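First up is the structure itself, then whatever we jot down about it.
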Amino acid sequence: KEIWSQTLPTTFFGGMDADKGPRCVPTITEDGVMLYDSGGEAHFLERATGKVRWSRKLLQEYQAEEGFFGVGSTPIVVKDRVIIVVGGRKGGVVCLGLVDGKTLWSVTKEEASYTSPILLSDSQGDVAMVPTRTSILGLAVADGKEIWKLPFGKKSQSVVAATPLRLSGNRYFLTAAYDVGNVVLEANETKANVIDRGEILSSQYATPVQFGDYLYGCDGREDFNNGSYKCISTKDWKVAWEEKDTPISHSIVVGDKILVTGVDGTLKAFRPDPKGYQELWKVDLPKGVY
């Protein structure tokens, strides 16, 4: 039964993939829904009614470019505020008050990525890890102060889109395609450093998952049709196994299984095991765009 619906039109060019969007996942709060659409407009809705509490045209306000695929960096809500990677000349990363949408701070002139900020595991919401197009920033949630900064990505035609994956021991894994590769960071509230860098997983936009001491995730680019699926040790960063010629796909851990949805409309489950790929079942989803 439909409780409510809300229509929020937007305009964007879409560049290399001119579909209707959106790119960002809705962020659900206790009483609201935070939206950031492909045209760079932010909206906060009442969860019970769908009524718009406030809206901001951030792309226009902060003089940001749309990017190759429109806007696509999902905001992160931290208590009474929301942090958004806008990528504008007047503000690369912007923090708004969740209640009224007013700007609390804006920092840097970094261009936007397509990935989402995350909170550092030991920060109690004090420091956010914010990937931009060419950097990874550690920013204080309170005032946007830059705690640390590391290079990741590049200025040429490239995209950083997979979300940082939190590992154990203050370690984080980031991956990107376009000859960027992967990086393992050790980061906390005061400093960050690179502890491993390579090309064992170069994901165009799919975020890997962790099960035990291993990563499971998609490698390759959809436009190159060169996808594979890998199991990688987080101890020595070696590939335990690889399933080649697979569609670009998204993964989630469910209990003792991993569910994988391919862009070709296949849905499959396998048992995570570093000894080899153990598919449990596979079905074709209804016709659509995945």
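Ligands are numbered from 1 in the order shown, residues from 1 within each chain, and chains are lettered A, B, ... in the order they appear in the structure tokens.
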Test item: residues at most 8 Å from Ser113 (chain A), only C-alpha atoms, excluding those fewer than 4 positions along its chain, as a CSV table (one decimal) with C-alpha atoms, in the first residue's frame:
chain,number,residue,atom,x,y,z
A,72,GLY,CA,26.2,11.0,-8.0
A,73,SER,CA,27.9,11.3,-4.6
A,85,VAL,CA,30.5,16.3,-2.0
A,87,GLY,CA,32.7,19.7,-6.2
A,131,PRO,CA,36.8,10.9,-1.4
A,132,THR,CA,36.9,13.6,-4.1
A,133,ARG,CA,37.9,13.2,-7.7
A,159,VAL,CA,35.9,8.3,-12.0
A,160,VAL,CA,36.2,7.4,-8.4
A,161,ALA,CA,32.8,5.7,-7.6
Could you pull the residues within 7 Å of Ser38 (chain A), counting only C-alpha atoms, minus those fewer than 2 positions along the same chain, as a PDB file with N, CA, C and O atoms, in the first residue's frame?
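Result saved to part.pdb:
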ATOM      1  N   PHE A  12      19.412  17.489 -16.016  1.00  0.00           N
ATOM      2  CA  PHE A  12      20.852  17.260 -16.138  1.00  0.00           C
ATOM      3  C   PHE A  12      21.130  16.636 -17.496  1.00  0.00           C
ATOM      4  O   PHE A  12      20.247  16.072 -18.130  1.00  0.00           O
ATOM      5  N   GLY A  21      18.554   8.900 -14.449  1.00  0.00           N
ATOM      6  CA  GLY A  21      19.037   8.938 -13.078  1.00  0.00           C
ATOM      7  C   GLY A  21      17.986   8.371 -12.140  1.00  0.00           C
ATOM      8  O   GLY A  21      17.026   7.755 -12.582  1.00  0.00           O
ATOM      9  N   PRO A  22      18.093   8.591 -10.831  1.00  0.00           N
ATOM     10  CA  PRO A  22      19.187   9.287 -10.160  1.00  0.00           C
ATOM     11  C   PRO A  22      20.385   8.380  -9.923  1.00  0.00           C
ATOM     12  O   PRO A  22      20.346   7.199 -10.270  1.00  0.00           O
ATOM     13  N   ARG A  23      21.424   8.942  -9.327  1.00  0.00           N
ATOM     14  CA  ARG A  23      22.640   8.191  -9.025  1.00  0.00           C
ATOM     15  C   ARG A  23      22.771   7.879  -7.531  1.00  0.00           C
ATOM     16  O   ARG A  23      23.391   6.905  -7.166  1.00  0.00           O
ATOM     17  N   TYR A  36      19.605  13.555  -3.005  1.00  0.00           N
ATOM     18  CA  TYR A  36      20.505  14.408  -3.790  1.00  0.00           C
ATOM     19  C   TYR A  36      20.409  13.915  -5.222  1.00  0.00           C
ATOM     20  O   TYR A  36      20.829  12.800  -5.535  1.00  0.00           O
ATOM     21  N   GLY A  40      22.018  17.881  -9.101  1.00  0.00           N
ATOM     22  CA  GLY A  40      22.701  18.603  -8.033  1.00  0.00           C
ATOM     23  C   GLY A  40      21.787  19.380  -7.110  1.00  0.00           C
ATOM     24  O   GLY A  40      22.217  20.333  -6.469  1.00  0.00           O
ATOM     25  N   GLY A  70      26.322  13.149 -14.675  1.00  0.00           N
ATOM     26  CA  GLY A  70      25.482  13.882 -13.755  1.00  0.00           C
ATOM     27  C   GLY A  70      26.093  13.847 -12.369  1.00  0.00           C
ATOM     28  O   GLY A  70      27.260  13.515 -12.184  1.00  0.00           O
ATOM     29  N   VAL A  71      25.295  14.191 -11.360  1.00  0.00           N
ATOM     30  CA  VAL A  71      25.764  14.214  -9.974  1.00  0.00           C
ATOM     31  C   VAL A  71      25.487  12.862  -9.335  1.00  0.00           C
ATOM     32  O   VAL A  71      24.437  12.272  -9.548  1.00  0.00           O
ATOM     33  N   GLY A  72      26.439  12.358  -8.500  1.00  0.00           N
ATOM     34  CA  GLY A  72      26.227  11.016  -7.989  1.00  0.00           C
ATOM     35  C   GLY A  72      26.939  10.662  -6.702  1.00  0.00           C
ATOM     36  O   GLY A  72      27.181   9.487  -6.456  1.00  0.00           O
TER      37      GLY A  72
END
Per residue of region 40-117 of chain A within 8 Å of region 141-145 of chain A, what are the shortest atom pair and its distance in Å to one decimal, counting only C-alpha atoms, with rows by chain and residue number, as JSON lines?
{"residue": "A:Val78", "atom": "CA", "partner": "A:Val141", "partner_atom": "CA", "distance": 7.9}
{"residue": "A:Cys95", "atom": "CA", "partner": "A:Gly144", "partner_atom": "CA", "distance": 7.9}
{"residue": "A:Leu104", "atom": "CA", "partner": "A:Asp143", "partner_atom": "CA", "distance": 7.6}
{"residue": "A:Trp105", "atom": "CA", "partner": "A:Asp143", "partner_atom": "CA", "distance": 6.2}
{"residue": "A:Ser106", "atom": "CA", "partner": "A:Gly144", "partner_atom": "CA", "distance": 6.9}
{"residue": "A:Val107", "atom": "CA", "partner": "A:Gly144", "partner_atom": "CA", "distance": 6.3}
Skip Pro117 (chain A) itself and residues of its chain fewer than 3 positions away, then list as an mmCIF file with N, CA and C atoms, in the first residue's frame all residues within 7 Å of it, counting only C-alpha atoms.
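Full text of part-v3.cif as output:
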data_model
loop_
_atom_site.group_PDB
_atom_site.id
_atom_site.type_symbol
_atom_site.label_atom_id
_atom_site.label_comp_id
_atom_site.auth_asym_id
_atom_site.auth_seq_id
_atom_site.Cartn_x
_atom_site.Cartn_y
_atom_site.Cartn_z
ATOM 1 N N ILE A 76 26.126 11.961 3.341
ATOM 2 C CA ILE A 76 26.168 11.217 4.599
ATOM 3 C C ILE A 76 25.572 12.095 5.698
ATOM 4 N N ALA A 128 35.072 12.562 9.113
ATOM 5 C CA ALA A 128 34.556 11.858 7.946
ATOM 6 C C ALA A 128 35.667 11.655 6.931
ATOM 7 N N MET A 129 35.691 10.470 6.310
ATOM 8 C CA MET A 129 36.576 10.217 5.175
ATOM 9 C C MET A 129 35.807 10.592 3.911
ATOM 10 N N VAL A 130 36.333 11.568 3.174
ATOM 11 C CA VAL A 130 35.605 12.128 2.034
ATOM 12 C C VAL A 130 36.436 11.989 0.764
ATOM 13 N N PRO A 131 36.129 11.016 -0.097
ATOM 14 C CA PRO A 131 36.832 10.914 -1.376
ATOM 15 C C PRO A 131 36.304 11.960 -2.360
#
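Proximity to Tyr216 (chain A) was assessed for A:Tyr277, A:Tyr62, A:Tyr172, A:Phe44 counting only C-alpha atoms; the smallest distance is recorded for A:Tyr277.
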Exercise. Can you tell me, as a list in words, what residues are no more than 9 Å from Ile248 (chain A) when counting only C-alpha atoms, ignoring any on the same chain fewer than 4 positions away?
Worked result: Ser203, Gln204, Tyr205, Ala206, Cys218, Asp219, Gly220, Arg221, Glu222, Asn225, Asn226, Gly227, Ser228, Tyr229, Thr261, Gly262, Val263 and Asp264 of chain A
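Considering only C-alpha atoms, the residue among A:Lys149, A:Lys257, A:Lys155, A:Lys20 positioned nearest to Val194 (chain A) is A:Lys149.
With only C-alpha atoms taken into account, the protein and nucleic acid residues at most 9 Å from Gln63 (chain A) (excluding it and anything under 3 positions from it in its own chain) are Leu58, Leu59, Gln60, Val86, Gly87, Gly88, Arg89, Lys90 and Gly91 of chain A.
All residues of protein, DNA or RNA that reach within 8 Å of Gly50 (chain A), judged by only C-alpha atoms and not counting those fewer than 2 positions away in the chain, are A:Trp4, A:Ser5, A:Gln6, A:Leu45, A:Glu46, A:Arg47, A:Ala48, A:Val52.
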The selected residues should be written to file as a compact mmCIF listing (two decimals), in the first residue's frame (atoms: N, CA, C and O atoms).
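Writing done, so here's result02.txt:
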# COMPACT_ATOMS: atom_id res chain seq x y z
N TRP A 4 2.67 7.49 0.58
CA TRP A 4 2.75 8.80 -0.05
C TRP A 4 3.67 8.74 -1.26
O TRP A 4 4.44 7.78 -1.42
N SER A 5 3.62 9.75 -2.09
CA SER A 5 4.56 9.87 -3.21
C SER A 5 4.92 11.34 -3.37
O SER A 5 4.15 12.22 -2.99
N GLN A 6 6.09 11.57 -3.92
CA GLN A 6 6.57 12.95 -4.09
C GLN A 6 7.31 13.04 -5.43
O GLN A 6 8.14 12.17 -5.75
N LEU A 45 12.99 15.43 2.98
CA LEU A 45 11.56 15.16 3.06
C LEU A 45 11.18 14.63 4.44
O LEU A 45 11.98 13.94 5.08
N GLU A 46 9.97 14.92 4.86
CA GLU A 46 9.43 14.30 6.06
C GLU A 46 9.13 12.84 5.75
O GLU A 46 8.47 12.53 4.76
N ARG A 47 9.62 11.95 6.58
CA ARG A 47 9.47 10.53 6.31
C ARG A 47 8.01 10.07 6.38
O ARG A 47 7.59 9.19 5.64
N ALA A 48 7.25 10.66 7.26
CA ALA A 48 5.87 10.22 7.45
C ALA A 48 4.93 10.66 6.33
O ALA A 48 4.00 9.94 5.97
N VAL A 52 8.19 18.20 1.52
CA VAL A 52 9.55 18.74 1.39
C VAL A 52 9.79 19.78 2.49
O VAL A 52 9.09 20.80 2.56
Seminar exercise, completed: Computed gap from CA of Gly181 (chain A) to CA of Lys235 (chain A) is 18.0 Å
Problem set entry | Nearest residue to Ala162 (chain A) from the set A:His250, A:His43, A:Arg56, A:Lys275 (distances using only C-alpha atoms) | A:His250
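In terms of minimum interatomic distance to Thr163 (chain A), A:Ala176 ranks closest within A:Val289, A:Ser121, A:Ser135, A:Ala176, counting only C-alpha atoms.
Put simply, CA of Ser233 (chain A) is 28.4 Å away from CA of Thr74 (chain A).
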